[in-house]
$ cat final-v6.cif   # mmCIF, C-alpha atoms
data_protein
#
loop_
_atom_site.label_atom_id
_atom_site.label_comp_id
_atom_site.auth_asym_id
_atom_site.auth_seq_id
_atom_site.Cartn_x
_atom_site.Cartn_y
_atom_site.Cartn_z
CA MET A 793 -21.20 27.68 -6.95
CA ALA A 794 -21.70 31.41 -7.41
CA GLU A 795 -21.81 33.30 -4.17
CA THR A 796 -24.77 35.66 -4.02
CA ALA A 797 -23.61 37.48 -0.91
CA ALA A 798 -20.08 38.80 -0.65
CA PRO A 799 -18.11 36.55 1.69
CA ALA A 800 -17.14 38.09 4.97
CA THR A 801 -13.49 37.33 4.55
CA SER A 802 -11.23 36.21 1.78
CA TYR A 803 -10.56 33.04 3.78
CA GLU A 804 -14.20 32.00 3.56
CA LYS A 805 -14.18 32.90 -0.07
CA ASN A 806 -11.21 30.64 -0.61
CA LEU A 807 -13.06 27.79 1.04
CA SER A 808 -16.12 28.38 -1.12
CA LEU A 809 -13.98 28.34 -4.23
CA ARG A 810 -12.27 25.03 -3.66
CA VAL A 811 -12.99 22.33 -6.19
CA SER A 812 -13.09 18.65 -5.31
CA PRO A 813 -11.05 16.24 -7.45
CA ALA A 814 -14.11 14.73 -9.13
CA ALA A 815 -16.29 17.85 -9.21
CA GLN A 816 -16.40 17.73 -13.00
CA LEU A 817 -18.09 14.32 -12.80
CA ARG A 818 -20.96 15.45 -10.57
CA ALA A 819 -23.50 15.56 -13.39
CA ASP A 820 -22.24 12.27 -14.80
CA PHE A 821 -22.61 10.66 -11.40
CA GLU A 822 -26.20 11.89 -11.26
CA THR A 823 -27.11 10.52 -14.66
CA GLY A 824 -24.97 7.39 -14.34
CA SER A 825 -26.46 6.27 -11.05
CA VAL A 826 -29.17 3.66 -11.38
CA ARG A 827 -31.66 4.31 -8.61
CA GLY A 828 -32.12 1.39 -6.33
CA VAL A 829 -29.52 -0.67 -8.18
CA VAL A 830 -26.18 1.04 -7.90
CA GLU A 831 -25.54 4.68 -7.16
CA ILE A 832 -22.33 6.64 -7.03
CA SER A 833 -21.52 9.98 -5.48
CA GLU A 834 -18.48 11.90 -4.39
CA VAL A 835 -18.22 12.76 -0.74
CA ALA A 836 -15.91 15.72 -1.06
CA PHE A 837 -13.46 17.27 1.37
CA LEU A 838 -13.55 14.71 4.14
CA THR A 839 -10.91 15.32 6.76
CA MET A 840 -8.17 12.71 6.51
CA VAL A 841 -5.15 12.46 8.71
CA GLY A 842 -2.19 10.19 8.11
CA LEU A 843 -0.95 8.66 11.33
CA ARG A 844 2.33 6.85 11.78
CA VAL A 845 2.89 5.62 15.29
CA ASN A 846 3.64 2.38 17.06
CA ARG A 847 0.47 1.16 18.74
CA ASP A 848 2.33 -0.12 21.77
CA SER A 849 4.34 3.00 22.46
CA ASP A 850 3.29 5.69 24.91
CA ALA A 851 2.62 8.07 22.05
CA GLY A 852 0.51 5.35 20.42
CA GLN A 853 -1.57 5.01 23.56
CA ARG A 854 -2.11 8.75 23.73
CA VAL A 855 -3.11 8.92 20.06
CA ALA A 856 -5.42 5.95 20.55
CA ALA A 857 -7.15 7.80 23.37
CA VAL A 858 -7.99 10.62 20.94
CA THR A 859 -9.09 8.46 18.03
CA GLY A 860 -10.89 5.82 20.03
CA GLY A 861 -8.32 3.09 19.53
CA LEU A 862 -5.96 2.14 16.73
CA PRO A 863 -6.78 -0.94 14.63
CA ALA A 864 -4.50 -3.90 15.18
CA THR A 865 -4.88 -5.99 12.06
CA CYS A 866 -5.25 -5.61 8.33
CA GLY A 867 -8.79 -4.58 7.46
CA SER A 868 -9.96 -3.54 10.88
CA VAL A 869 -11.43 -0.13 11.60
CA THR A 870 -11.80 1.60 14.93
CA GLY A 871 -13.14 4.97 15.90
CA THR A 872 -15.50 6.99 18.00
CA GLY A 873 -18.39 9.11 16.88
CA ASP A 874 -17.94 10.43 13.38
CA SER A 875 -14.26 9.70 12.98
CA SER A 876 -12.83 6.33 12.00
CA VAL A 877 -9.31 4.97 11.93
CA LEU A 878 -8.41 2.66 9.05
CA TRP A 879 -5.50 0.23 9.18
CA LEU A 880 -3.01 0.89 6.39
CA GLY A 881 0.05 -0.83 7.82
CA PRO A 882 1.44 -2.14 11.10
CA GLU A 883 2.33 1.40 12.17
CA GLU A 884 0.35 3.41 9.65
CA PHE A 885 -3.25 4.50 9.93
CA LEU A 886 -5.69 6.80 8.17
CA VAL A 887 -8.14 8.84 10.21
CA VAL A 888 -11.30 9.71 8.29
CA ALA A 889 -13.57 12.35 9.77
CA PRO A 890 -16.30 14.69 8.51
CA ARG A 891 -15.20 17.86 6.82
CA GLU A 892 -16.13 19.96 9.85
CA ALA A 893 -13.30 18.29 11.76
CA HIS A 894 -10.73 20.08 9.61
CA GLU A 895 -9.03 23.04 11.21
CA SER A 896 -9.99 25.29 8.29
CA LEU A 897 -13.60 24.87 9.42
CA GLY A 898 -12.88 25.20 13.11
CA GLY A 899 -12.35 21.54 13.92
CA GLY A 900 -9.73 20.48 16.40
CA LEU A 901 -9.02 16.89 15.38
CA ILE A 902 -5.62 17.39 13.80
CA GLN A 903 -4.41 19.65 16.59
CA ALA A 904 -5.61 17.14 19.19
CA LEU A 905 -3.73 14.36 17.41
CA ARG A 906 -0.59 16.49 17.19
CA GLU A 907 -0.74 17.22 20.88
CA ALA A 908 -1.36 13.56 21.68
CA LEU A 909 1.67 12.49 19.67
CA GLY A 910 3.79 15.16 21.34
CA ASP A 911 7.46 14.46 20.84
CA GLY A 912 6.88 10.72 20.52
CA ALA A 913 8.15 8.87 17.47
CA GLY A 914 5.65 9.11 14.66
CA GLN A 915 3.83 11.65 12.59
CA VAL A 916 0.47 13.31 12.17
CA VAL A 917 -0.06 14.70 8.69
CA ASP A 918 -3.10 16.41 7.25
CA LEU A 919 -3.90 14.35 4.15
CA SER A 920 -7.35 15.79 3.47
CA ALA A 921 -6.34 16.93 -0.01
CA ASN A 922 -4.54 13.69 -0.82
CA ARG A 923 -7.57 11.54 -1.53
CA THR A 924 -11.19 12.00 -2.40
CA THR A 925 -14.06 9.73 -1.48
CA PHE A 926 -16.46 7.88 -3.73
CA GLU A 927 -19.49 6.25 -2.22
CA LEU A 928 -20.86 3.32 -4.16
CA THR A 929 -24.10 1.95 -2.85
CA GLY A 930 -26.81 -0.44 -3.91
CA PRO A 931 -27.37 -4.16 -4.41
CA ARG A 932 -25.10 -4.16 -7.48
CA ALA A 933 -22.24 -2.24 -5.87
CA ARG A 934 -20.31 -5.42 -5.23
CA ALA A 935 -20.79 -6.60 -8.81
CA VAL A 936 -19.41 -3.29 -10.09
CA LEU A 937 -16.32 -3.52 -7.92
CA GLU A 938 -15.73 -7.15 -8.79
CA LYS A 939 -15.05 -6.13 -12.37
CA GLY A 940 -11.81 -4.50 -11.30
CA CYS A 941 -10.85 -5.78 -7.87
CA SER A 942 -9.30 -9.16 -7.24
CA LEU A 943 -10.19 -9.34 -3.56
CA ASP A 944 -12.98 -11.65 -2.49
CA LEU A 945 -15.79 -9.15 -1.92
CA HIS A 946 -18.42 -11.73 -1.06
CA PRO A 947 -20.11 -10.85 2.24
CA ARG A 948 -19.07 -14.14 3.80
CA VAL A 949 -15.45 -12.96 3.48
CA LEU A 950 -15.61 -9.17 3.42
CA LYS A 951 -17.72 -8.01 6.33
CA ALA A 952 -19.16 -4.54 6.70
CA GLY A 953 -16.75 -2.37 8.62
CA THR A 954 -13.65 -3.66 6.85
CA ALA A 955 -11.20 -1.41 5.04
CA LEU A 956 -8.47 -2.77 2.78
CA SER A 957 -5.96 -1.03 0.63
CA THR A 958 -5.95 -2.64 -2.77
CA GLU A 959 -6.51 -1.89 -6.43
CA VAL A 960 -9.81 -1.18 -8.18
CA GLY A 961 -9.62 -0.79 -11.94
CA ASN A 962 -5.81 -0.83 -11.60
CA ILE A 963 -5.99 2.26 -9.37
CA PRO A 964 -4.63 1.96 -5.82
CA VAL A 965 -7.46 2.75 -3.45
CA VAL A 966 -8.49 2.15 0.10
CA LEU A 967 -11.72 0.18 -0.15
CA TRP A 968 -13.91 0.51 2.90
CA LYS A 969 -17.08 -1.51 3.20
CA THR A 970 -19.20 0.76 5.38
CA GLY A 971 -22.47 -1.13 5.10
CA GLU A 972 -23.88 -4.34 3.65
CA GLU A 973 -24.33 -2.69 0.26
CA THR A 974 -22.23 0.43 0.67
CA PHE A 975 -18.60 0.87 -0.22
CA ARG A 976 -16.35 3.88 0.12
CA LEU A 977 -13.36 4.18 -2.17
CA PHE A 978 -10.49 6.51 -1.45
CA PRO A 979 -8.49 7.11 -4.63
CA ARG A 980 -5.74 9.69 -4.72
CA ALA A 981 -6.93 12.99 -6.14
CA SER A 982 -5.13 12.63 -9.46
CA PHE A 983 -6.74 9.23 -10.06
CA ALA A 984 -10.25 10.39 -9.14
CA ASP A 985 -11.32 11.35 -12.63
CA PHE A 986 -10.17 8.09 -14.17
CA LEU A 987 -11.62 5.93 -11.43
CA GLY A 988 -14.91 7.85 -11.50
CA ARG A 989 -15.26 7.28 -15.22
CA TRP A 990 -14.17 3.66 -14.85
CA LEU A 991 -16.88 3.08 -12.25
CA LEU A 992 -19.49 4.83 -14.39
CA ASP A 993 -18.58 2.54 -17.26
CA ALA A 994 -18.77 -0.51 -15.02
CA MET A 995 -22.19 0.61 -13.75
CA ARG A 996 -23.67 1.24 -17.16
CA GLU A 997 -24.92 -2.28 -17.85
CA TYR A 998 -27.17 -2.20 -14.78
CA ALA A 999 -29.24 0.64 -16.28
CA SER A 1000 -30.56 -1.82 -18.87
CA PRO A 1001 -33.11 -4.48 -18.02
CA GLU A 1002 -31.49 -7.74 -17.05
CA VAL A 1003 -31.31 -10.28 -19.84
CA PRO A 1004 -33.05 -13.40 -18.61
CA MET B 269 0.09 -13.93 -12.10
CA LEU B 270 1.66 -14.79 -8.80
CA LEU B 271 -0.50 -14.88 -5.71
CA ILE B 272 1.79 -13.61 -2.97
CA SER B 273 0.99 -14.05 0.67
CA CYS B 274 1.91 -10.83 2.41
CA PRO B 275 2.83 -11.43 6.07
CA ASN B 276 0.52 -8.56 7.08
CA CYS B 277 -2.31 -8.64 4.58
CA GLY B 278 -2.64 -12.22 3.36
CA SER B 279 -2.91 -13.37 -0.23
CA ARG B 280 -2.83 -10.60 -2.82
CA ASP B 281 -2.15 -10.27 -6.51
CA GLU B 282 1.38 -9.82 -7.73
CA THR B 283 0.43 -6.40 -9.18
CA GLU B 284 0.13 -5.01 -5.66
CA PHE B 285 3.79 -5.76 -5.01
CA HIS B 286 7.11 -4.41 -6.12
CA TYR B 287 10.19 -6.50 -6.61
CA GLY B 288 13.20 -5.45 -4.58
CA GLY B 289 15.97 -7.58 -6.03
CA GLN B 290 18.20 -10.12 -4.42
CA ALA B 291 17.97 -10.39 -0.64
CA HIS B 292 20.82 -10.66 1.83
CA VAL B 293 23.26 -8.33 0.10
CA PRO B 294 24.92 -6.66 3.07
CA TYR B 295 26.11 -3.09 2.94
CA PRO B 296 29.92 -3.06 3.09
CA GLU B 297 31.24 -2.36 6.54
CA ASN B 298 33.83 0.12 5.29
CA PRO B 299 32.60 1.33 1.91
CA ASN B 300 35.33 3.97 1.73
CA GLU B 301 37.99 1.31 1.69
CA LEU B 302 36.55 -0.57 -1.26
CA THR B 303 38.05 -0.23 -4.68
CA ASP B 304 35.82 1.14 -7.40
CA ARG B 305 35.52 -2.34 -8.78
CA GLN B 306 34.41 -3.82 -5.46
CA TRP B 307 31.97 -0.97 -4.93
CA ALA B 308 30.53 -1.44 -8.39
CA GLU B 309 30.16 -5.13 -7.75
CA TYR B 310 28.37 -4.43 -4.49
CA LEU B 311 26.03 -2.03 -6.25
CA PHE B 312 25.31 -3.78 -9.51
CA TYR B 313 26.36 -7.43 -9.50
CA ARG B 314 23.67 -9.87 -8.54
CA ASP B 315 23.14 -13.59 -8.84
CA ASN B 316 21.21 -15.04 -11.72
CA THR B 317 20.16 -18.15 -9.94
CA LYS B 318 18.31 -20.99 -11.56
CA GLY B 319 16.27 -22.50 -8.76
CA ALA B 320 15.54 -21.23 -5.27
CA PHE B 321 16.34 -17.55 -5.01
CA ALA B 322 15.98 -15.27 -1.99
CA GLU B 323 14.56 -11.93 -2.97
CA ARG B 324 12.98 -8.87 -1.42
CA TRP B 325 9.43 -7.74 -2.09
CA LEU B 326 7.44 -4.68 -1.10
CA HIS B 327 3.68 -4.74 -0.67
CA SER B 328 3.45 -1.27 -2.16
CA THR B 329 -0.31 -1.08 -2.65
CA GLY B 330 -1.13 -2.61 0.71
CA CYS B 331 0.74 -2.32 3.97
CA ARG B 332 3.88 -0.84 2.34
CA GLN B 333 6.14 -3.23 4.24
CA TRP B 334 9.14 -5.13 2.93
CA PHE B 335 9.59 -8.85 3.33
CA ASN B 336 11.80 -11.62 2.00
CA MET B 337 10.64 -14.40 -0.24
CA LEU B 338 12.28 -17.62 -1.34
CA ARG B 339 11.06 -18.28 -4.84
CA ASP B 340 12.00 -20.84 -7.42
CA THR B 341 13.01 -18.97 -10.55
CA VAL B 342 12.09 -21.92 -12.74
CA THR B 343 8.74 -23.00 -11.39
CA TYR B 344 7.79 -19.72 -9.65
CA ASP B 345 6.98 -21.82 -6.62
CA ILE B 346 7.07 -19.66 -3.49
CA GLN B 347 8.87 -21.76 -0.92
CA ALA B 348 9.05 -19.41 2.04
CA ILE B 349 8.13 -15.91 3.14
CA TYR B 350 10.07 -14.50 6.06
CA PRO B 351 10.67 -11.10 7.66
CA MET B 352 13.43 -8.70 6.79
CA GLY B 353 16.55 -9.16 8.85
CA THR B 354 16.15 -12.89 9.37
CA PRO B 355 18.45 -15.39 7.67
CA ARG B 356 17.41 -17.37 4.67
CA PRO B 357 15.56 -20.50 5.79
CA ASP B 358 17.80 -23.49 5.28
CA ALA B 359 15.34 -26.31 4.96
CA ALA B 360 13.36 -24.64 2.21
CA GLY B 361 16.57 -23.64 0.47
CA GLN B 362 17.57 -27.23 0.05
CA LEU B 363 14.27 -28.35 -1.36
CA THR B 364 15.12 -27.85 -4.98
CA VAL B 365 17.52 -30.04 -6.87
CA GLU B 366 18.02 -28.72 -10.36
CA THR B 367 19.99 -30.26 -13.15
CA GLY B 368 20.63 -27.04 -15.02
CA THR B 369 23.97 -25.49 -15.67
CA ALA B 370 23.73 -22.87 -12.95
CA SER B 371 25.30 -23.78 -9.66
CA LEU B 372 22.92 -24.25 -6.83
CA ALA B 373 25.59 -24.18 -4.18
CA PRO B 374 24.61 -21.61 -1.62
CA ASP B 375 27.09 -18.87 -2.34
CA SER B 376 27.94 -15.88 -0.28
CA THR B 377 25.42 -13.53 -1.79
CA THR B 378 22.39 -15.60 -1.09
CA THR B 379 23.25 -16.62 2.43
CA GLY B 380 23.92 -13.15 3.71
CA THR B 381 27.24 -13.96 5.29
CA ALA B 382 29.49 -11.92 3.07
CA ALA B 383 29.57 -9.22 0.46
CA PRO B 384 28.82 -10.12 -3.15
CA SER B 385 31.26 -12.58 -4.55
CA THR B 386 33.99 -11.01 -6.56
CA SER B 387 36.00 -14.14 -7.16
CA GLY B 388 35.06 -14.54 -10.77
CA THR B 389 35.70 -11.02 -11.91
CA SER B 390 37.89 -9.22 -9.47
CA ILE B 391 41.21 -7.79 -10.50
CA SER B 392 43.93 -9.31 -8.40
CA GLY B 393 46.24 -7.05 -6.48
CA THR B 394 43.72 -4.31 -5.90
CA SER B 395 41.96 -5.63 -2.87
CA THR B 396 43.01 -3.64 0.13
CA THR B 397 40.55 -4.93 2.67
CA PRO B 398 38.46 -8.02 2.76
CA ALA B 399 34.81 -7.39 2.21
CA SER B 400 32.74 -7.13 5.30
CA THR B 401 31.31 -10.24 6.79
CA THR B 402 28.35 -8.75 8.60
CA ALA B 403 25.87 -6.12 7.62
CA PRO B 404 25.30 -3.22 9.98
CA GLU B 405 22.10 -3.38 11.94
CA GLY B 406 19.23 -2.40 9.69
CA ALA B 407 21.22 -2.39 6.49
CA THR B 408 19.12 -5.14 5.04
CA LYS B 409 15.82 -3.51 5.96
#

$ encode --input "final-v6.cif" --output "structure tokens"
Amino acid sequence: MAETAAPATSYEKNLSLRVSPAAQLRADFETGSVRGVVEISEVAFLTMVGLRVNRDSDAGQRVAAVTGGLPATCGSVTGTGDSSVLWLGPEEFLVVAPREAHESLGGGLIQALREALGDGAGQVVDLSANRTTFELTGPRARAVLEKGCSLDLHPRVLKAGTALSTEVGNIPVVLWKTGEETFRLFPRASFADFLGRWLLDAMREYASPEVP
Amino acid sequence: MLLISCPNCGSRDETEFHYGGQAHVPYPENPNELTDRQWAEYLFYRDNTKGAFAERWLHSTGCRQWFNMLRDTVTYDIQAIYPMGTPRPDAAGQLTVETGTASLAPDSTTTGTAAPSTSGTSISGTSTTPASTTAPEGATK
């Protein structure tokens, strides 16, 4: 937190001072995680870009060339390298990339998308500050989510690599199953504190030994 | 809770959706020529149907797209889901035969062929132009 060396520029200082939406829960996430059972952490400041473009249009093809394809159906995810494109609607997508892809850290993703869209119909909007990311992982992650999500999260229905926008604990989130036992949740920043505490509460029972 | 089948996302809980009111209420072709009464009736007067009712829904937590739904207001049975801009399905509309007091005759407001009915409440002598018969392209989206 505290900078020991004076930052070179005020811009870097500004970056070092930014606070993620669930930063106040960091210690709670540490203590609330049950090692090897279910663990929660905030993955802060991921680069997110809102895309609105018709997949079949010329602009859509150009954007798809940058992102590594645009998903066609609900739940599907495409992408190349570190960046992924999540389906939000028939003409609406969310690009999720590491924080280094943001232009404030020298990344060129958003600019490349803007240039790909050109004057075609659609929009490219930097939504990095709109949502934060929770990563819930462990064999009990699904059981935790099932307390507040009405989707069928069983692996025979929800495969790894699927992202759905839905509600968890009555909070609208994008729920992305990134691995067999790993979920990423994207709540809007103002809901992050509530959802973080809700998840901690839902995880609490797994800290106790299972009642036979 | 209703389980609504979104055309894009599949079956989801009702809490993910928002209700958009009666479907097939066309925007008047010449709104400037309507009397205040006709304009108010276009804005605020809606059917209170007992039985099959065409209504708009928005999947606000999912794909954020609008669609039309034919739902029975008595049994909550969802009879049809169809895209915006398409006419109300006839076959499904005739499924229900109710014995209640409300008329089930397909009136102008639920079939999308005319502006909201003003026959019951309109003040005679003030109508300058007949209400439009077709909605402009996209007005129902």

$ interface_residues --input "final-v6.cif" --of "chain B" --to "chain A" --cutoff "7 Å" --atoms "only C-alpha atoms" --output "PDB file with C-alpha atoms, in the coordinates of the input"
ATOM      1  CA  ASN B 276       0.520  -8.560   7.080  1.00  0.00           C
ATOM      2  CA  CYS B 277      -2.310  -8.640   4.580  1.00  0.00           C
ATOM      3  CA  THR B 329      -0.310  -1.080  -2.650  1.00  0.00           C
ATOM      4  CA  GLY B 330      -1.130  -2.610   0.710  1.00  0.00           C
ATOM      5  CA  CYS B 331       0.740  -2.320   3.970  1.00  0.00           C
ATOM      6  CA  ARG B 332       3.880  -0.840   2.340  1.00  0.00           C
TER       7      ARG B 332
END

$ resolve_selection --input "final-v6.cif" --expression "the PyMOL selection byres ((chain A and resi 967-977) around 6)" --output "list in words"
Thr925, Phe926, Glu927, Leu928, Thr929, Gly930, Pro931, Ala952, Gly953, Thr954, Ala955, Leu956, Ser957, Val965, Val966 and Phe978 of chain A

$ closest_residue --input "final-v6.cif" --among "A:Arg810, A:Arg891, A:Arg906, A:Arg827" --to "A:Ala851" --atoms "all atoms listed in the file"
A:Arg906

$ residues_near_point --input "final-v6.cif" --point "(-25.6, 2.2, -13.9)" --cutoff "7 Å" --atoms "all atoms listed in the file" --output "ChimeraX atom specification"
/A:824-826,830,992,995-999

$ resolve_selection --input "final-v6.cif" --expression "the PyMOL selection byres ((chain B and resi 274) around 12)" --output "JSON, numbers by chain"
{"A": [866, 881], "B": [270, 271, 272, 273, 275, 276, 277, 278, 279, 280, 281, 282, 284, 285, 286, 324, 325, 326, 327, 328, 329, 330, 331, 332, 333, 334, 335, 336, 337, 346, 348, 349, 350, 351]}
